[in-house]
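Let me begin by presenting the structure, written as structure tokens, before commenting on it.
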Amino acid sequence: MGFNKQEKIICALLLLSAIAFVAVFSVDNQTNNTGTSLLGSQQSGLIIDLNCTLPTSIPNQIPSLKVSTRPINNEIVLEIASNKPFYIGTQLEVRNYTWINGTTEFYVVPIGTTTIDGSTTLLRLFPEGQVQYYAPGWTGYTTAPKLPSKEDAKIIADDFLSQIKQSKTFIPTLPIEITFKDVVSGMETTANDTHWIDYWCVIYELKYNNLPIGGNSDVRVWIGDKGEIVGLVANWRDLKASNPVTIGITPEEALDQLGNHLKIMTVVTKIAVQNVSFGYWADKTVLENTEYIMPAYIFDCVVTLLDGSQQRMFVYVPAYK
Amino acid sequence: MLLLTMLILITPLLVPAAFAGNDDSNNKEIGIEWVNDYSGPGLPFIPNTDDCARGFYNTLGNNGFTRNFDYGNSSAQERHWEKSSVEGQDTSYVETVDFVYFAGHGDEDEFWFGVNTDGGGSYPYRVHHSGALWGDVDLEWVFLKACEVLKESGQADWHAVYDNVGADLHGICGFHSSAYDTKTLGSTSAQYLLQSYSIKAAWKTATSNDQHQYGTVWGAIQARELINIYTGIPFLFYGNETMPGYGGGMYNDPSYYSNSVYYKTWYYERWLC
């Protein structure tokens, strides 16, 4: 069933639960091939514009992705920290911290560190393979940095990832691909009536068999003054195909559910869906253990807030029942 | 003159971490307010704010911090945060603690409650920056798990909440953009604080973990910064404080430092989570 771009229909509204205040709707999308719906959502009156076509050729089944834990101990962590591209000196110590949700992180700081202010958290490694790196001594700039062009930032980030591949740091391999996505502002400061961008954030997407893995699953390299690398957040994991999952939710049904999955803490008046893709979504954070990554529809949206401002948001709807 | 210049330059190196606040017989007092039910002002129900705020409260409370209040839904009220000139009662509530955490709806310049206790008449159901004056008794840090309260275009509007006689609010942690309703930001940020992360680093790292998956959420911090008038060199940035007993600890309050030597300004930073 195809949806024509820019067409609009407003379908019927809401049943509000007196207690939960959550709207539940019934929209007959089987007979609706138009582009706007008023759907189940966090609030009444929420309009959803579909500005794209829904994905077609959805498979009946795809494998779930099982997350493997990596061998990790203090010696391995110290060796990674002491070599390129994370060479951060020799007077280092490895510490462990177990989070409430169960995962244990290993982090490296200069010996004797008491306060972790960003300048002293140098490298964090997690059992599922994720890496976070913060350049020694860097917490931000006190004056505007001279940033490279976005094109040059990408080149620098590409080279940094190539160096990681040459190191003993875990980095995923095929069928997982790391593909460039965008260069955006990553941090901005206002001090003494001056405003500046501290670093570019070069974002890479992860794909499994060419299907995007959204959510807590991407790579970000931070490029600062004169091209210096000031940080890395690599939310990659060691993934293996596992039990097949039946895709029990159609794209139309996922669109129906979209409003209920936008759990945003302000009033949204409209969601404009710019793109919908079928893939995977990692909903667990780096601080939680992840067993499986499951199939989902990924909605790339622009939401309009009550004050009229707009914000891009990614929302996922599970593709299985 | 040379001696004076040297003294000014080395002063930052000599500043000890110190107890902060005007009521510091206990500098580890915490309080939380949260709202799920917004049927009063007609805003959407938010299911996770209670877990989020209580994660902050209990994680710190189980590690030596003093739990002063936990007010939710109709017990959480805007007057607890507002100054007396708008008939607020902040001195009996948020000013009785050093660190206060709120989870609920927000937008630029304000954050919202489920019941109307407005005394000023201008901003029912919500704390607008014009009704707040923080840090004159005990309060040092405000954490706001709420959308857009620290939006860049309006963040300077919050400067006035520091403008009281004591002027001893150290800073506000919040969001520049919208934020997602999650259960874990309170406990996660508290756990970072207990690992001796600075307040800025804890909030930045926690919000980045908590909101990363949505792609475009921006966390933010606004904090006092002291700049040496003679050298122009930043002297203290309060975002670098750590929780009392963890790491370097808290700095003296801004009012401790002479206005004739230090220019007191604000530092604002936002980041892609």
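As shown in the structure tokens, the chain order sets the letters A, B, ...; within each chain, residues go from 1, and ligands are also counted from 1 in the order they appear.
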
Inset, instruction - Define the interface residues of chain A facing chain B as those within 8 Å, counting only C-alpha atoms, and report them as a VMD selection string. - result: chain A and resid 20 to 22 42 to 43 99 114 to 118 185 to 192 214 to 217 262 to 267 282 to 283 285 to 287 311 to 315

Output of the above residues as a short mmCIF file (atom, residue, chain, number, x, y, z; two decimals), in the first residue's frame, restricted to N, CA and C atoms:
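selection04.cif, freshly written:
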```
data_model
loop_
_atom_site.label_atom_id
_atom_site.label_comp_id
_atom_site.auth_asym_id
_atom_site.auth_seq_id
_atom_site.Cartn_x
_atom_site.Cartn_y
_atom_site.Cartn_z
N ALA A 20 -4.80 7.12 33.07
CA ALA A 20 -3.48 7.14 32.46
C ALA A 20 -3.28 8.29 31.51
N PHE A 21 -4.35 8.86 31.00
CA PHE A 21 -4.22 10.01 30.12
C PHE A 21 -3.47 9.66 28.86
N VAL A 22 -3.52 8.40 28.51
CA VAL A 22 -2.84 7.98 27.30
C VAL A 22 -3.89 7.72 26.24
N GLN A 42 0.55 10.82 22.92
CA GLN A 42 0.63 11.28 24.30
C GLN A 42 -0.40 12.35 24.59
N GLN A 43 -1.05 12.88 23.62
CA GLN A 43 -1.93 13.99 23.86
C GLN A 43 -2.98 14.07 22.77
N TRP A 99 27.60 -0.84 37.32
CA TRP A 99 26.40 -0.01 37.31
C TRP A 99 25.22 -0.77 37.90
N THR A 114 41.60 12.02 41.63
CA THR A 114 40.53 12.06 42.62
C THR A 114 39.23 12.60 42.03
N THR A 115 39.34 13.65 41.22
CA THR A 115 38.15 14.23 40.62
C THR A 115 38.14 13.94 39.12
N ILE A 116 37.02 13.40 38.64
CA ILE A 116 36.90 13.14 37.21
C ILE A 116 36.11 14.27 36.59
N ASP A 117 36.79 15.15 35.90
CA ASP A 117 36.12 16.33 35.36
C ASP A 117 36.10 16.34 33.85
N GLY A 118 36.35 15.23 33.23
CA GLY A 118 36.42 15.19 31.78
C GLY A 118 37.86 15.23 31.33
N SER A 185 27.28 20.05 14.65
CA SER A 185 27.83 20.66 15.86
C SER A 185 27.62 19.71 17.03
N GLY A 186 28.66 19.52 17.85
CA GLY A 186 28.56 18.58 18.95
C GLY A 186 28.49 19.22 20.32
N MET A 187 29.01 20.42 20.42
CA MET A 187 28.96 21.13 21.71
C MET A 187 29.15 22.62 21.45
N GLU A 188 28.42 23.44 22.17
CA GLU A 188 28.52 24.89 21.98
C GLU A 188 28.58 25.57 23.34
N THR A 189 29.33 26.63 23.40
CA THR A 189 29.56 27.35 24.66
C THR A 189 29.20 28.82 24.51
N THR A 190 28.62 29.37 25.58
CA THR A 190 28.44 30.82 25.66
C THR A 190 29.11 31.28 26.95
N ALA A 191 30.12 32.10 26.81
CA ALA A 191 30.83 32.62 27.99
C ALA A 191 31.30 34.03 27.67
N ASN A 192 31.15 34.90 28.65
CA ASN A 192 31.56 36.29 28.46
C ASN A 192 30.95 36.90 27.20
N GLY A 214 19.61 1.45 14.62
CA GLY A 214 19.41 2.76 15.23
C GLY A 214 19.51 2.70 16.74
N GLY A 215 19.27 3.84 17.36
CA GLY A 215 19.26 3.92 18.81
C GLY A 215 20.65 4.08 19.38
N ASN A 216 20.91 3.35 20.46
CA ASN A 216 22.23 3.41 21.09
C ASN A 216 23.21 2.58 20.28
N SER A 217 23.41 2.96 19.07
CA SER A 217 24.25 2.19 18.17
C SER A 217 24.76 3.11 17.07
N LEU A 262 6.57 8.34 21.06
CA LEU A 262 7.28 9.61 21.19
C LEU A 262 7.07 10.10 22.62
N LYS A 263 7.89 9.63 23.51
CA LYS A 263 7.70 9.93 24.94
C LYS A 263 8.50 11.15 25.33
N ILE A 264 8.10 12.25 24.79
CA ILE A 264 8.86 13.47 24.93
C ILE A 264 8.26 14.30 26.07
N MET A 265 9.09 15.08 26.75
CA MET A 265 8.64 15.76 27.96
C MET A 265 8.23 17.20 27.71
N THR A 266 7.59 17.42 26.61
CA THR A 266 6.98 18.72 26.36
C THR A 266 5.80 18.47 25.44
N VAL A 267 5.07 19.51 25.14
CA VAL A 267 3.86 19.34 24.34
C VAL A 267 4.22 19.38 22.86
N ALA A 282 18.71 -0.46 18.95
CA ALA A 282 19.32 -0.82 20.24
C ALA A 282 18.78 0.14 21.29
N ASP A 283 17.88 -0.35 22.13
CA ASP A 283 17.25 0.56 23.10
C ASP A 283 17.99 0.61 24.43
N THR A 285 21.09 1.35 26.95
CA THR A 285 22.22 2.27 26.97
C THR A 285 23.52 1.50 27.18
N VAL A 286 24.60 2.21 27.08
CA VAL A 286 25.91 1.60 27.27
C VAL A 286 26.08 1.07 28.70
N LEU A 287 25.27 1.56 29.61
CA LEU A 287 25.40 1.17 31.01
C LEU A 287 24.54 -0.05 31.37
N GLN A 311 12.05 20.38 16.12
CA GLN A 311 13.23 19.59 16.49
C GLN A 311 13.17 18.26 15.76
N ARG A 312 14.33 17.85 15.24
CA ARG A 312 14.41 16.54 14.61
C ARG A 312 14.48 15.46 15.69
N MET A 313 13.76 14.39 15.49
CA MET A 313 13.73 13.30 16.46
C MET A 313 13.69 11.96 15.73
N PHE A 314 14.35 10.99 16.29
CA PHE A 314 14.24 9.63 15.78
C PHE A 314 13.39 8.82 16.76
N VAL A 315 12.40 8.17 16.22
CA VAL A 315 11.48 7.38 17.05
C VAL A 315 11.43 5.98 16.46
#
```

Inset, instruction - Could you please write out, as a VMD selection string, every residue of region 2-232 of chain B that DSSP assigns to strand (DSSP E or B)? - result: chain B and resid 29 to 34 66 to 72 99 to 103 106 to 107 110 to 112 126 to 128 141 to 145 171 to 175 180 197 218 to 228

Write down as an mmCIF file with N, CA and C atoms, in the first residue's frame the residues belonging to region 148-238 of chain B that are assigned helix (DSSP H, G or I) by DSSP computed on the backbone.
```
data_model
loop_
_atom_site.group_PDB
_atom_site.id
_atom_site.type_symbol
_atom_site.label_atom_id
_atom_site.label_comp_id
_atom_site.auth_asym_id
_atom_site.auth_seq_id
_atom_site.Cartn_x
_atom_site.Cartn_y
_atom_site.Cartn_z
ATOM 1 N N GLN B 155 18.408 31.089 27.963
ATOM 2 C CA GLN B 155 19.158 30.743 29.176
ATOM 3 C C GLN B 155 19.609 31.968 29.973
ATOM 4 N N ALA B 156 19.878 33.045 29.268
ATOM 5 C CA ALA B 156 20.310 34.252 29.987
ATOM 6 C C ALA B 156 19.192 34.819 30.853
ATOM 7 N N ASP B 157 17.943 34.468 30.542
ATOM 8 C CA ASP B 157 16.831 34.933 31.377
ATOM 9 C C ASP B 157 16.945 34.398 32.803
ATOM 10 N N TRP B 158 17.637 33.271 32.971
ATOM 11 C CA TRP B 158 17.779 32.677 34.294
ATOM 12 C C TRP B 158 18.864 33.348 35.127
ATOM 13 N N HIS B 159 19.632 34.254 34.519
ATOM 14 C CA HIS B 159 20.685 34.919 35.291
ATOM 15 C C HIS B 159 20.111 35.649 36.507
ATOM 16 N N ALA B 160 18.903 36.170 36.351
ATOM 17 C CA ALA B 160 18.322 36.964 37.440
ATOM 18 C C ALA B 160 18.023 36.118 38.674
ATOM 19 N N VAL B 161 17.872 34.802 38.521
ATOM 20 C CA VAL B 161 17.561 33.998 39.719
ATOM 21 C C VAL B 161 18.765 33.932 40.662
ATOM 22 N N TYR B 162 19.931 34.322 40.180
ATOM 23 C CA TYR B 162 21.125 34.351 41.028
ATOM 24 C C TYR B 162 21.261 35.707 41.730
ATOM 25 N N LEU B 185 17.657 8.711 34.297
ATOM 26 C CA LEU B 185 18.617 9.815 34.330
ATOM 27 C C LEU B 185 19.006 10.197 35.760
ATOM 28 N N GLY B 186 18.050 10.184 36.667
ATOM 29 C CA GLY B 186 18.364 10.556 38.053
ATOM 30 C C GLY B 186 19.382 9.629 38.691
ATOM 31 N N SER B 187 19.152 8.330 38.560
ATOM 32 C CA SER B 187 20.082 7.384 39.185
ATOM 33 C C SER B 187 21.436 7.402 38.466
ATOM 34 N N THR B 188 21.401 7.533 37.151
ATOM 35 C CA THR B 188 22.664 7.539 36.405
ATOM 36 C C THR B 188 23.505 8.758 36.761
ATOM 37 N N SER B 189 22.892 9.921 36.784
ATOM 38 C CA SER B 189 23.672 11.122 37.105
ATOM 39 C C SER B 189 24.193 11.040 38.541
ATOM 40 N N ALA B 190 23.386 10.483 39.446
ATOM 41 C CA ALA B 190 23.838 10.344 40.832
ATOM 42 C C ALA B 190 25.021 9.380 40.933
ATOM 43 N N GLN B 191 24.963 8.319 40.142
ATOM 44 C CA GLN B 191 26.080 7.367 40.177
ATOM 45 C C GLN B 191 27.371 8.002 39.656
ATOM 46 N N TYR B 192 27.264 8.806 38.617
ATOM 47 C CA TYR B 192 28.466 9.512 38.156
ATOM 48 C C TYR B 192 28.979 10.470 39.237
ATOM 49 N N LEU B 193 28.053 11.169 39.883
ATOM 50 C CA LEU B 193 28.482 12.092 40.946
ATOM 51 C C LEU B 193 29.215 11.340 42.051
ATOM 52 N N LEU B 194 28.739 10.149 42.357
ATOM 53 C CA LEU B 194 29.373 9.361 43.423
ATOM 54 C C LEU B 194 30.695 8.732 42.976
ATOM 55 N N ILE B 199 30.278 18.063 38.583
ATOM 56 C CA ILE B 199 28.841 18.179 38.301
ATOM 57 C C ILE B 199 28.607 18.345 36.802
ATOM 58 N N LYS B 200 29.431 19.121 36.150
ATOM 59 C CA LYS B 200 29.271 19.267 34.699
ATOM 60 C C LYS B 200 29.527 17.944 33.990
ATOM 61 N N ALA B 201 30.604 17.279 34.342
ATOM 62 C CA ALA B 201 30.936 16.027 33.662
ATOM 63 C C ALA B 201 29.893 14.957 33.947
ATOM 64 N N ALA B 202 29.375 14.942 35.171
ATOM 65 C CA ALA B 202 28.353 13.945 35.518
ATOM 66 C C ALA B 202 27.084 14.177 34.718
ATOM 67 N N TRP B 203 26.656 15.432 34.637
ATOM 68 C CA TRP B 203 25.411 15.712 33.918
ATOM 69 C C TRP B 203 25.599 15.487 32.414
ATOM 70 N N LYS B 204 26.744 15.891 31.921
ATOM 71 C CA LYS B 204 26.981 15.715 30.482
ATOM 72 C C LYS B 204 27.028 14.229 30.133
ATOM 73 N N THR B 205 27.743 13.460 30.908
ATOM 74 C CA THR B 205 27.891 12.047 30.589
ATOM 75 C C THR B 205 26.573 11.301 30.806
ATOM 76 N N ALA B 206 25.883 11.643 31.887
ATOM 77 C CA ALA B 206 24.618 10.956 32.179
ATOM 78 C C ALA B 206 23.559 11.273 31.120
ATOM 79 N N THR B 207 23.432 12.529 30.756
ATOM 80 C CA THR B 207 22.435 12.862 29.733
ATOM 81 C C THR B 207 22.822 12.243 28.399
ATOM 82 N N SER B 208 24.106 12.178 28.116
ATOM 83 C CA SER B 208 24.541 11.565 26.866
ATOM 84 C C SER B 208 24.201 10.076 26.840
ATOM 85 N N ASN B 209 24.397 9.394 27.962
ATOM 86 C CA ASN B 209 24.002 7.983 28.024
ATOM 87 C C ASN B 209 22.496 7.827 27.888
ATOM 88 N N ASP B 210 21.791 8.650 28.630
ATOM 89 C CA ASP B 210 20.350 8.475 28.799
ATOM 90 C C ASP B 210 19.552 8.842 27.546
ATOM 91 N N GLN B 211 20.008 9.837 26.822
ATOM 92 C CA GLN B 211 19.212 10.383 25.713
ATOM 93 C C GLN B 211 19.847 10.133 24.352
ATOM 94 N N HIS B 212 20.940 9.429 24.325
ATOM 95 C CA HIS B 212 21.709 9.265 23.089
ATOM 96 C C HIS B 212 20.885 8.668 21.962
ATOM 97 N N GLN B 213 20.048 7.664 22.311
ATOM 98 C CA GLN B 213 19.407 6.890 21.254
ATOM 99 C C GLN B 213 18.450 7.716 20.397
ATOM 100 N N TYR B 214 18.027 8.872 20.906
ATOM 101 C CA TYR B 214 17.047 9.657 20.154
ATOM 102 C C TYR B 214 17.701 10.630 19.174
ATOM 103 N N TYR B 238 32.085 26.867 38.563
ATOM 104 C CA TYR B 238 31.404 26.024 39.543
ATOM 105 C C TYR B 238 30.947 24.676 38.976
#
```

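Atom to atom, CA of Gly245 (chain B) and CA of Asn27 (chain B) stand 9.9 Å apart.
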
Inset, instruction - Excluding Arg95 (chain A) and residues on its chain fewer than 4 positions from it, collect all residues at most 12 Å away from it, counting only C-alpha atoms, and give them as number ranges by chain. - result: A: 73-75, 77-78, 104-113, 121-125; B: 195

Could you take the residues named above and write them with C-alpha atoms, as an mmCIF file, in the first residue's frame?
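Contents of result-v3.cif, freshly written:
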```cif
data_model
loop_
_atom_site.group_PDB
_atom_site.id
_atom_site.type_symbol
_atom_site.label_atom_id
_atom_site.label_comp_id
_atom_site.auth_asym_id
_atom_site.auth_seq_id
_atom_site.Cartn_x
_atom_site.Cartn_y
_atom_site.Cartn_z
ATOM 1 C CA ASN A 73 40.401 -7.279 32.032
ATOM 2 C CA ASN A 74 42.726 -4.687 33.487
ATOM 3 C CA GLU A 75 45.724 -5.850 31.445
ATOM 4 C CA VAL A 77 42.488 -2.246 28.993
ATOM 5 C CA LEU A 78 45.876 -0.906 30.021
ATOM 6 C CA THR A 104 30.857 -3.373 34.613
ATOM 7 C CA GLU A 105 32.899 -0.680 32.925
ATOM 8 C CA PHE A 106 36.665 -0.414 32.899
ATOM 9 C CA TYR A 107 38.098 3.062 32.868
ATOM 10 C CA VAL A 108 41.579 4.434 32.734
ATOM 11 C CA VAL A 109 42.765 7.530 34.567
ATOM 12 C CA PRO A 110 46.133 8.927 35.592
ATOM 13 C CA ILE A 111 47.339 7.329 38.796
ATOM 14 C CA GLY A 112 45.992 9.093 41.843
ATOM 15 C CA THR A 113 43.122 10.878 40.113
ATOM 16 C CA THR A 121 38.548 10.334 32.288
ATOM 17 C CA LEU A 122 40.642 9.203 29.412
ATOM 18 C CA LEU A 123 39.254 5.919 28.214
ATOM 19 C CA ARG A 124 36.178 3.867 29.086
ATOM 20 C CA LEU A 125 35.696 0.322 27.812
ATOM 21 C CA GLN B 195 32.295 8.346 41.199
#
```

Legend entry - Distance in Å - CA of Tyr251 (chain B) versus CA of Trp134 (chain B):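 Separating CA of Tyr251 (chain B) from CA of Trp134 (chain B) is a distance of 17.2 Å.
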
Legend entry - Of the listed residues B:Phe175, B:Tyr262, B:Phe56, B:Phe102, that which approaches Tyr230 (chain B) most closely, counting only C-alpha atoms: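 Smallest distance to Tyr230 (chain B) is found for B:Tyr262.
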